[in-house]
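The structure file run.pdb is reproduced below (PDB, C-alpha atoms, pLDDT in the B column).
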```
ATOM      1  CA  MET A1021       7.319  86.135  32.319  1.00 64.00           C
ATOM      2  CA  GLY A1022       3.705  86.993  31.558  1.00 76.00           C
ATOM      3  CA  ALA A1023       0.687  86.704  33.778  1.00 83.00           C
ATOM      4  CA  PRO A1024       0.015  83.212  35.146  1.00 84.00           C
ATOM      5  CA  HIS A1025      -2.684  81.077  33.521  1.00 85.00           C
ATOM      6  CA  PRO A1026      -6.091  81.758  35.141  1.00 85.00           C
ATOM      7  CA  LEU A1027      -6.352  78.088  36.102  1.00 85.00           C
ATOM      8  CA  LEU A1028      -3.467  78.604  38.525  1.00 87.00           C
ATOM      9  CA  THR A1029      -5.637  80.954  40.577  1.00 87.00           C
ATOM     10  CA  TYR A1030      -8.389  78.326  40.866  1.00 84.00           C
ATOM     11  CA  LEU A1031      -5.914  75.606  41.827  1.00 84.00           C
ATOM     12  CA  LEU A1032      -4.120  77.701  44.449  1.00 90.00           C
ATOM     13  CA  GLU A1033      -7.406  78.795  45.987  1.00 90.00           C
ATOM     14  CA  ALA A1034      -8.682  75.202  46.034  1.00 85.00           C
ATOM     15  CA  ALA A1035      -5.454  74.061  47.701  1.00 89.00           C
ATOM     16  CA  ASP A1036      -6.179  76.724  50.316  1.00 93.00           C
ATOM     17  CA  GLY A1037      -9.729  75.394  50.821  1.00 91.00           C
ATOM     18  CA  ARG A1038     -11.447  78.204  48.899  1.00 90.00           C
ATOM     19  CA  PHE A1039     -13.732  77.109  46.076  1.00 84.00           C
ATOM     20  CA  PRO A1040     -15.848  79.088  43.620  1.00 80.00           C
ATOM     21  CA  PRO A1041     -19.583  79.176  44.358  1.00 78.00           C
ATOM     22  CA  VAL A1042     -21.783  76.472  42.871  1.00 74.00           C
ATOM     23  CA  ASP A1043     -23.731  78.665  40.490  1.00 74.00           C
ATOM     24  CA  GLY A1044     -24.444  76.411  37.512  1.00 69.00           C
ATOM     25  CA  LYS A1045     -22.306  78.547  35.223  1.00 72.00           C
ATOM     26  CA  VAL A1046     -19.608  77.476  32.771  1.00 72.00           C
ATOM     27  CA  THR A1047     -16.203  79.112  33.084  1.00 77.00           C
ATOM     28  CA  VAL A1048     -14.132  79.136  29.914  1.00 79.00           C
ATOM     29  CA  LEU A1049     -10.388  79.500  30.359  1.00 82.00           C
ATOM     30  CA  PRO A1050      -7.752  79.862  27.656  1.00 83.00           C
ATOM     31  CA  PRO A1051      -6.147  76.615  26.385  1.00 80.00           C
ATOM     32  CA  LEU A1052      -3.394  75.216  28.576  1.00 77.00           C
ATOM     33  CA  ALA A1053      -0.309  73.698  26.968  1.00 77.00           C
ATOM     34  CA  GLY A1054      -1.843  74.238  23.537  1.00 79.00           C
ATOM     35  CA  ARG A1055      -4.856  72.001  24.041  1.00 81.00           C
ATOM     36  CA  ARG A1056      -8.466  72.198  25.122  1.00 86.00           C
ATOM     37  CA  GLU A1057      -9.382  70.421  28.314  1.00 85.00           C
ATOM     38  CA  LEU A1058     -12.820  69.983  29.833  1.00 86.00           C
ATOM     39  CA  SER A1059     -13.527  69.515  33.496  1.00 80.00           C
ATOM     40  CA  ILE A1060     -16.789  69.674  35.401  1.00 78.00           C
ATOM     41  CA  GLU A1061     -17.557  69.858  39.075  1.00 72.00           C
ATOM     42  CA  LEU A1062     -20.978  69.024  40.461  1.00 70.00           C
ATOM     43  CA  ARG A1063     -22.366  68.812  43.923  1.00 65.00           C
ATOM     44  CA  ASP A1064     -23.132  65.283  44.997  1.00 61.00           C
ATOM     45  CA  VAL A1065     -26.641  64.605  43.740  1.00 58.00           C
ATOM     46  CA  ARG A1066     -28.262  62.049  45.971  1.00 57.00           C
ATOM     47  CA  ASP A1067     -31.868  62.938  45.228  1.00 53.00           C
ATOM     48  CA  GLY A1068     -31.952  60.671  42.197  1.00 55.00           C
ATOM     49  CA  GLY A1069     -31.209  63.500  39.774  1.00 56.00           C
ATOM     50  CA  ARG A1070     -29.270  62.282  36.759  1.00 65.00           C
ATOM     51  CA  GLY A1071     -27.975  63.814  33.581  1.00 67.00           C
ATOM     52  CA  HIS A1072     -26.612  67.055  35.019  1.00 77.00           C
ATOM     53  CA  GLY A1073     -23.049  66.151  34.046  1.00 82.00           C
ATOM     54  CA  ARG A1074     -24.035  65.152  30.536  1.00 86.00           C
ATOM     55  CA  SER A1075     -25.878  68.439  30.062  1.00 85.00           C
ATOM     56  CA  LEU A1076     -22.881  70.450  31.261  1.00 85.00           C
ATOM     57  CA  ILE A1077     -20.508  68.480  29.043  1.00 88.00           C
ATOM     58  CA  ALA A1078     -22.740  68.944  25.997  1.00 88.00           C
ATOM     59  CA  ASP A1079     -23.079  72.679  26.700  1.00 86.00           C
ATOM     60  CA  ALA A1080     -19.323  73.057  27.097  1.00 86.00           C
ATOM     61  CA  LEU A1081     -18.636  71.113  23.893  1.00 89.00           C
ATOM     62  CA  SER A1082     -20.921  73.496  22.010  1.00 89.00           C
ATOM     63  CA  LEU A1083     -18.303  76.196  22.679  1.00 86.00           C
ATOM     64  CA  VAL A1084     -15.564  74.218  20.904  1.00 86.00           C
ATOM     65  CA  PRO A1085     -15.169  74.214  17.112  1.00 87.00           C
ATOM     66  CA  GLU A1086     -16.590  70.998  15.652  1.00 87.00           C
ATOM     67  CA  GLY A1087     -13.938  68.330  15.189  1.00 86.00           C
ATOM     68  CA  ALA A1088     -11.431  70.031  17.517  1.00 86.00           C
ATOM     69  CA  PRO A1089      -9.818  67.619  19.981  1.00 88.00           C
ATOM     70  CA  VAL A1090     -10.846  68.033  23.625  1.00 89.00           C
ATOM     71  CA  PHE A1091      -9.225  66.259  26.562  1.00 89.00           C
ATOM     72  CA  ALA A1092     -11.025  65.411  29.802  1.00 87.00           C
ATOM     73  CA  ALA A1093      -9.135  64.320  32.886  1.00 80.00           C
ATOM     74  CA  VAL A1094     -11.493  61.921  34.652  1.00 82.00           C
ATOM     75  CA  SER A1095     -10.556  59.616  37.464  1.00 75.00           C
ATOM     76  CA  PRO A1096     -11.450  56.032  36.478  1.00 72.00           C
ATOM     77  CA  GLY A1097     -12.579  55.567  40.092  1.00 81.00           C
ATOM     78  CA  ASN A1098     -15.306  58.172  39.566  1.00 81.00           C
ATOM     79  CA  ALA A1099     -17.661  55.907  37.648  1.00 84.00           C
ATOM     80  CA  ARG A1100     -20.545  58.393  37.405  1.00 84.00           C
ATOM     81  CA  SER A1101     -18.307  61.076  35.888  1.00 85.00           C
ATOM     82  CA  LEU A1102     -16.589  58.596  33.580  1.00 87.00           C
ATOM     83  CA  ARG A1103     -19.967  57.340  32.317  1.00 88.00           C
ATOM     84  CA  ALA A1104     -21.102  60.920  31.641  1.00 88.00           C
ATOM     85  CA  PHE A1105     -18.030  61.666  29.520  1.00 90.00           C
ATOM     86  CA  LEU A1106     -18.299  58.343  27.672  1.00 91.00           C
ATOM     87  CA  ALA A1107     -21.989  59.009  26.946  1.00 91.00           C
ATOM     88  CA  CYS A1108     -20.978  62.339  25.364  1.00 90.00           C
ATOM     89  CA  GLY A1109     -18.638  60.614  22.926  1.00 91.00           C
ATOM     90  CA  PHE A1110     -15.283  60.798  24.689  1.00 91.00           C
ATOM     91  CA  THR A1111     -12.874  57.936  24.032  1.00 89.00           C
ATOM     92  CA  PRO A1112     -10.522  56.761  26.798  1.00 85.00           C
ATOM     93  CA  ILE A1113      -6.847  57.023  25.933  1.00 83.00           C
ATOM     94  CA  GLY A1114      -5.697  55.333  29.131  1.00 75.00           C
ATOM     95  CA  SER A1115      -3.024  57.745  30.202  1.00 73.00           C
ATOM     96  CA  GLU A1116      -0.651  60.376  29.019  1.00 71.00           C
ATOM     97  CA  VAL A1117       2.906  61.240  29.853  1.00 72.00           C
ATOM     98  CA  LEU A1118       4.206  64.773  29.967  1.00 68.00           C
ATOM     99  CA  LEU A1119       7.864  64.972  29.003  1.00 73.00           C
ATOM    100  CA  ARG A1120       9.898  67.994  29.976  1.00 71.00           C
ATOM    101  CA  PRO A1121      13.478  68.702  29.043  1.00 75.00           C
ATOM    102  CA  GLU A1122      15.950  68.748  31.891  1.00 78.00           C
ATOM    103  CA  ARG A1123      16.422  72.121  33.440  1.00 69.00           C
ATOM    104  CA  ALA A1124      19.794  73.465  34.341  1.00 63.00           C
TER
END
```
Turn the structure described in the file into structure tokens.
Amino acid sequence: MGAPHPLLTYLLEAADGRFPPVDGKVTVLPPLAGRRELSIELRDVRDGGRGHGRSLIADALSLVPEGAPVFAAVSPGNARSLRAFLACGFTPIGSEVLLRPERA
């Protein structure tokens, strides 16, 4: 088995309460399961600042070949995030189901 996907490191560290610094940078990871997925994380902006998510999404999409499909996992309960992705042209697909063959 090869090296684990870099996302695993982020997830395990987050589960342990360790998060990367908020530095305003974009981290590009290799595709997972053969698809491109976009996720953003912002500090809670309560000073009236708006548009940070849209800017990050647009910047990230500029790194993807035009016309290539991109998935974004957004909780429908996070209205601000959902609105940002919708404003950038994402279309809700409702849900997805991952099917795995039975393992012996």
> Care to translate the PyMOL selection byres ((chain A and resi 1052) around 12) into actual residues of this file, as an NGL selection string?
Replying inline: :A and (1024-1028 or 1048-1051 or 1053-1058 or 1090-1091)
Run the PyMOL selection byres ((chain A and resi 1105) around 12) on the file and write out the hits as an mmCIF file with C-alpha atoms, keeping the file's coordinate frame.
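Written file, result.cif:
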```
data_model
loop_
_atom_site.group_PDB
_atom_site.id
_atom_site.type_symbol
_atom_site.label_atom_id
_atom_site.label_comp_id
_atom_site.auth_asym_id
_atom_site.auth_seq_id
_atom_site.Cartn_x
_atom_site.Cartn_y
_atom_site.Cartn_z
ATOM 1 C CA LEU A 1058 -12.820 69.983 29.833
ATOM 2 C CA SER A 1059 -13.527 69.515 33.496
ATOM 3 C CA ILE A 1060 -16.789 69.674 35.401
ATOM 4 C CA GLY A 1071 -27.975 63.814 33.581
ATOM 5 C CA HIS A 1072 -26.612 67.055 35.019
ATOM 6 C CA GLY A 1073 -23.049 66.151 34.046
ATOM 7 C CA ARG A 1074 -24.035 65.152 30.536
ATOM 8 C CA SER A 1075 -25.878 68.439 30.062
ATOM 9 C CA LEU A 1076 -22.881 70.450 31.261
ATOM 10 C CA ILE A 1077 -20.508 68.480 29.043
ATOM 11 C CA ALA A 1078 -22.740 68.944 25.997
ATOM 12 C CA ALA A 1080 -19.323 73.057 27.097
ATOM 13 C CA LEU A 1081 -18.636 71.113 23.893
ATOM 14 C CA VAL A 1090 -10.846 68.033 23.625
ATOM 15 C CA PHE A 1091 -9.225 66.259 26.562
ATOM 16 C CA ALA A 1092 -11.025 65.411 29.802
ATOM 17 C CA ALA A 1093 -9.135 64.320 32.886
ATOM 18 C CA VAL A 1094 -11.493 61.921 34.652
ATOM 19 C CA SER A 1095 -10.556 59.616 37.464
ATOM 20 C CA PRO A 1096 -11.450 56.032 36.478
ATOM 21 C CA ASN A 1098 -15.306 58.172 39.566
ATOM 22 C CA ALA A 1099 -17.661 55.907 37.648
ATOM 23 C CA ARG A 1100 -20.545 58.393 37.405
ATOM 24 C CA SER A 1101 -18.307 61.076 35.888
ATOM 25 C CA LEU A 1102 -16.589 58.596 33.580
ATOM 26 C CA ARG A 1103 -19.967 57.340 32.317
ATOM 27 C CA ALA A 1104 -21.102 60.920 31.641
ATOM 28 C CA LEU A 1106 -18.299 58.343 27.672
ATOM 29 C CA ALA A 1107 -21.989 59.009 26.946
ATOM 30 C CA CYS A 1108 -20.978 62.339 25.364
ATOM 31 C CA GLY A 1109 -18.638 60.614 22.926
ATOM 32 C CA PHE A 1110 -15.283 60.798 24.689
ATOM 33 C CA THR A 1111 -12.874 57.936 24.032
ATOM 34 C CA PRO A 1112 -10.522 56.761 26.798
#
```
>> Taking all atoms listed in the file into account, name the residue in A:Glu1061, A:Gly1114, A:Ala1023, A:Leu1119 that is nearest to Phe1039 (chain A).
In response: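 Comparing A:Glu1061, A:Gly1114, A:Ala1023, A:Leu1119 against Phe1039 (chain A), the winner is A:Glu1061.
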> Quick one, how far is CA of Val1084 (chain A) from CA of Leu1062 (chain A)?
Replying inline: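 Computing the Euclidean distance for CA of Val1084 (chain A) and CA of Leu1062 (chain A) yields 20.9 Å.
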>> As an exercise, work out the distance from CA of Pro1089 (chain A) to CA of Ile1113 (chain A) in Å and give it to one decimal place.
In response: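 Computing it gives 12.5 Å between the two atoms.
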> How many Å separate CA of Asp1079 (chain A) from CA of Thr1047 (chain A)?
Replying inline: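 Between CA of Asp1079 (chain A) and CA of Thr1047 (chain A) the gap is 11.4 Å.
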As JSON: centre and edge lengths in Å, one decimal, of the axis-aligned box holding region 1099-1102 of chain A with 8 Å per side:
```
{"center_x": -18.6, "center_y": 58.5, "center_z": 35.6, "size_x": 20.0, "size_y": 21.2, "size_z": 20.1}
```
As a PDB file, in the coordinates of the input, could you write out region 1068-1087 of chain A once it has been completed with N, CA and C atoms?
```pdb
ATOM      1  N   GLY A1068     -31.527  61.426  43.371  1.00 55.00           N
ATOM      2  CA  GLY A1068     -31.952  60.671  42.197  1.00 55.00           C
ATOM      3  C   GLY A1068     -31.793  61.435  40.906  1.00 55.00           C
ATOM      4  N   GLY A1069     -31.400  62.703  40.985  1.00 56.00           N
ATOM      5  CA  GLY A1069     -31.209  63.500  39.774  1.00 56.00           C
ATOM      6  C   GLY A1069     -30.073  62.940  38.937  1.00 56.00           C
ATOM      7  N   ARG A1070     -30.292  62.813  37.663  1.00 65.00           N
ATOM      8  CA  ARG A1070     -29.270  62.282  36.759  1.00 65.00           C
ATOM      9  C   ARG A1070     -29.203  63.170  35.534  1.00 65.00           C
ATOM     10  N   GLY A1071     -28.092  63.110  34.835  1.00 67.00           N
ATOM     11  CA  GLY A1071     -27.975  63.814  33.581  1.00 67.00           C
ATOM     12  C   GLY A1071     -27.405  65.212  33.673  1.00 67.00           C
ATOM     13  N   HIS A1072     -27.153  65.705  34.881  1.00 77.00           N
ATOM     14  CA  HIS A1072     -26.612  67.055  35.019  1.00 77.00           C
ATOM     15  C   HIS A1072     -25.226  67.149  34.378  1.00 77.00           C
ATOM     16  N   GLY A1073     -24.401  66.154  34.617  1.00 82.00           N
ATOM     17  CA  GLY A1073     -23.049  66.151  34.046  1.00 82.00           C
ATOM     18  C   GLY A1073     -23.081  66.102  32.535  1.00 82.00           C
ATOM     19  N   ARG A1074     -23.932  65.253  31.998  1.00 86.00           N
ATOM     20  CA  ARG A1074     -24.035  65.152  30.536  1.00 86.00           C
ATOM     21  C   ARG A1074     -24.468  66.472  29.925  1.00 86.00           C
ATOM     22  N   SER A1075     -25.414  67.144  30.567  1.00 85.00           N
ATOM     23  CA  SER A1075     -25.878  68.439  30.062  1.00 85.00           C
ATOM     24  C   SER A1075     -24.755  69.466  30.077  1.00 85.00           C
ATOM     25  N   LEU A1076     -24.000  69.501  31.171  1.00 85.00           N
ATOM     26  CA  LEU A1076     -22.881  70.450  31.261  1.00 85.00           C
ATOM     27  C   LEU A1076     -21.819  70.145  30.215  1.00 85.00           C
ATOM     28  N   ILE A1077     -21.518  68.867  30.031  1.00 88.00           N
ATOM     29  CA  ILE A1077     -20.508  68.480  29.043  1.00 88.00           C
ATOM     30  C   ILE A1077     -20.967  68.885  27.644  1.00 88.00           C
ATOM     31  N   ALA A1078     -22.215  68.588  27.319  1.00 88.00           N
ATOM     32  CA  ALA A1078     -22.740  68.944  25.997  1.00 88.00           C
ATOM     33  C   ALA A1078     -22.722  70.456  25.781  1.00 88.00           C
ATOM     34  N   ASP A1079     -23.109  71.220  26.812  1.00 86.00           N
ATOM     35  CA  ASP A1079     -23.079  72.679  26.700  1.00 86.00           C
ATOM     36  C   ASP A1079     -21.655  73.181  26.482  1.00 86.00           C
ATOM     37  N   ALA A1080     -20.718  72.631  27.232  1.00 86.00           N
ATOM     38  CA  ALA A1080     -19.323  73.057  27.097  1.00 86.00           C
ATOM     39  C   ALA A1080     -18.781  72.702  25.714  1.00 86.00           C
ATOM     40  N   LEU A1081     -19.126  71.523  25.216  1.00 89.00           N
ATOM     41  CA  LEU A1081     -18.636  71.113  23.893  1.00 89.00           C
ATOM     42  C   LEU A1081     -19.199  71.992  22.778  1.00 89.00           C
ATOM     43  N   SER A1082     -20.358  72.604  23.027  1.00 89.00           N
ATOM     44  CA  SER A1082     -20.921  73.496  22.010  1.00 89.00           C
ATOM     45  C   SER A1082     -20.076  74.756  21.834  1.00 89.00           C
ATOM     46  N   LEU A1083     -19.181  75.023  22.759  1.00 86.00           N
ATOM     47  CA  LEU A1083     -18.303  76.196  22.679  1.00 86.00           C
ATOM     48  C   LEU A1083     -17.004  75.903  21.929  1.00 86.00           C
ATOM     49  N   VAL A1084     -16.795  74.648  21.569  1.00 86.00           N
ATOM     50  CA  VAL A1084     -15.564  74.218  20.904  1.00 86.00           C
ATOM     51  C   VAL A1084     -15.853  74.013  19.417  1.00 86.00           C
ATOM     52  N   PRO A1085     -14.946  74.458  18.542  1.00 87.00           N
ATOM     53  CA  PRO A1085     -15.169  74.214  17.112  1.00 87.00           C
ATOM     54  C   PRO A1085     -15.357  72.720  16.836  1.00 87.00           C
ATOM     55  N   GLU A1086     -16.308  72.405  15.980  1.00 87.00           N
ATOM     56  CA  GLU A1086     -16.590  70.998  15.652  1.00 87.00           C
ATOM     57  C   GLU A1086     -15.336  70.306  15.124  1.00 87.00           C
ATOM     58  N   GLY A1087     -15.082  69.114  15.625  1.00 86.00           N
ATOM     59  CA  GLY A1087     -13.938  68.330  15.189  1.00 86.00           C
ATOM     60  C   GLY A1087     -12.652  68.642  15.929  1.00 86.00           C
TER      61      GLY A1087
END
```
